[in-house]
Amino acid sequence: MQHLEIADRVATLTLDRPPANAINAAWVAGFHARLDELAARDDWNLLHVRSALRLFSAGADLKDMRAQYGSPEGRAAFQVGVRAMQVLFQRIEDLPRPSLAEIGGHAMGGGFELALACTFRIAAHEIQLGLPEVRLGLLPGAGGTQRLTRLVGRAVAERLILGAETVDGATAERLGLVQWSAPLADLPAAAGAIARRLADLPPHAMAEARACIAAALDPAVDGFAREVSGGAALLETTETRALVARFLDRKG
């Protein structure tokens, strides 16, 4: 269901559950297993999530929905599955190193919620993405209402979620849903270049910077103090001191 390869400090996780990368319990368990593999290794700086199929992910498995929506017990089981997706996506968001979602096919519902859990997103101009669950009388419950609102603000989140609107990759970039977009034919090369560039950056500095960005969204944390303490911690590392020394030497 997922394949993991590591090269040049990029961990590429390829989604491959035909025909639509639908998310079920086995899919979630497989993703956790790949993350367990990464947790035991230190030879990667970036997780690059992509799909081997025409779709990035269509979201929740329709077979499960058909089986579960007919009874109270089944509906309760479906909610357990949604909670399992929340846990997985939070684990992705909390990874010690950043992640990049390469969205080269439609990403709907849980599929887009997976992408929202990643640090970075790049989408093909031609694909469609969104959280259209309201059309079915549901809501995007695997973190979609929370992450999308934090990402783009209430107005855009309400437009997309309450309006059950899907948008193409170019529009997604304009709205701030993704950081980059490219024509489908150019997407793998563009995503690969971004992944390699990010993987070459010092992971310890990226981790501190990510913590400071998170602090900016947490009213209980003094983000300015977090910047000072994070910067001081970085200056104590041999990696940062070496990088700063080389920079100053080049500047004469």
# chains A, B, ... in the order shown; residues from 1 in each chain; ligands from 1

$ select_by_dssp --residues "region 30-147 of chain A" --states "alpha helix (DSSP H)" --output "PyMOL selection string"
chain A and resi 30-39+62-68+72-93+110-117+144-147

$ residues_around --residues "Pro140 (chain A)" --least-positions-apart "4" --cutoff "9 Å" --atoms "only C-alpha atoms" --output "short mmCIF file (atom, residue, chain, number, x, y, z; two decimals) with all heavy atoms, in the first residue's frame"
data_model
loop_
_atom_site.label_atom_id
_atom_site.label_comp_id
_atom_site.auth_asym_id
_atom_site.auth_seq_id
_atom_site.Cartn_x
_atom_site.Cartn_y
_atom_site.Cartn_z
N GLY A 109 -11.32 14.84 0.38
CA GLY A 109 -11.62 14.39 1.73
C GLY A 109 -10.37 14.01 2.50
O GLY A 109 -9.44 14.81 2.66
N GLY A 110 -10.34 12.75 2.96
CA GLY A 110 -9.20 12.29 3.73
C GLY A 110 -7.89 12.36 2.98
O GLY A 110 -6.83 12.52 3.59
N GLU A 113 -6.84 15.81 3.50
CA GLU A 113 -6.47 15.96 4.91
C GLU A 113 -5.07 15.39 5.16
O GLU A 113 -4.31 15.94 5.97
CB GLU A 113 -7.51 15.28 5.79
CG GLU A 113 -8.83 16.05 5.84
CD GLU A 113 -9.93 15.32 6.57
OE1 GLU A 113 -10.19 14.15 6.23
OE2 GLU A 113 -10.53 15.93 7.48
N LEU A 131 -12.42 19.45 0.28
CA LEU A 131 -13.06 18.75 1.40
C LEU A 131 -14.57 18.84 1.18
O LEU A 131 -15.25 19.65 1.82
CB LEU A 131 -12.66 19.39 2.73
CG LEU A 131 -11.15 19.40 3.04
CD1 LEU A 131 -10.86 20.25 4.28
CD2 LEU A 131 -10.63 17.98 3.24
N PRO A 132 -15.13 18.02 0.29
CA PRO A 132 -16.53 18.17 -0.10
C PRO A 132 -17.53 17.37 0.73
O PRO A 132 -18.67 17.15 0.30
CB PRO A 132 -16.50 17.64 -1.55
CG PRO A 132 -15.47 16.55 -1.52
CD PRO A 132 -14.42 17.03 -0.53
N GLU A 133 -17.14 16.94 1.94
CA GLU A 133 -17.99 16.05 2.73
C GLU A 133 -19.37 16.61 3.02
O GLU A 133 -20.33 15.84 3.21
CB GLU A 133 -17.28 15.70 4.05
CG GLU A 133 -16.13 14.72 3.91
CD GLU A 133 -14.80 15.40 3.64
OE1 GLU A 133 -14.80 16.60 3.25
OE2 GLU A 133 -13.76 14.76 3.82
N VAL A 134 -19.52 17.95 3.11
CA VAL A 134 -20.82 18.54 3.43
C VAL A 134 -21.87 18.13 2.41
O VAL A 134 -23.05 18.03 2.73
CB VAL A 134 -20.68 20.07 3.56
CG1 VAL A 134 -22.05 20.76 3.58
CG2 VAL A 134 -19.93 20.42 4.84
N GLY A 144 -9.52 18.06 8.95
CA GLY A 144 -9.66 19.04 7.87
C GLY A 144 -10.19 20.38 8.31
O GLY A 144 -9.69 21.43 7.88
N THR A 145 -11.21 20.40 9.19
CA THR A 145 -11.74 21.70 9.62
C THR A 145 -10.71 22.49 10.40
O THR A 145 -10.66 23.73 10.32
CB THR A 145 -13.00 21.51 10.49
OG1 THR A 145 -12.65 20.81 11.69
CG2 THR A 145 -14.09 20.75 9.75
N ILE A 161 -15.15 24.45 2.76
CA ILE A 161 -15.80 23.37 3.51
C ILE A 161 -17.32 23.53 3.49
O ILE A 161 -18.03 22.59 3.13
CB ILE A 161 -15.27 23.34 4.95
CG1 ILE A 161 -13.78 22.98 4.97
CG2 ILE A 161 -16.06 22.34 5.79
CD1 ILE A 161 -13.12 23.10 6.34
#

$ residues_around --residues "region 181-192 of chain A" --least-positions-apart "3" --cutoff "12 Å" --atoms "only C-alpha atoms" --output "PyMOL selection string"
chain A and resi 7-8+10-12+46-52+54+99-106+120-128+168-178+195-199

$ select_by_dssp --residues "region 52-213 of chain A" --states "strand (DSSP E or B)" --output "PyMOL selection string"
chain A and resi 57+60+99-103+107-108+120-124+128-130+166-168+180-182
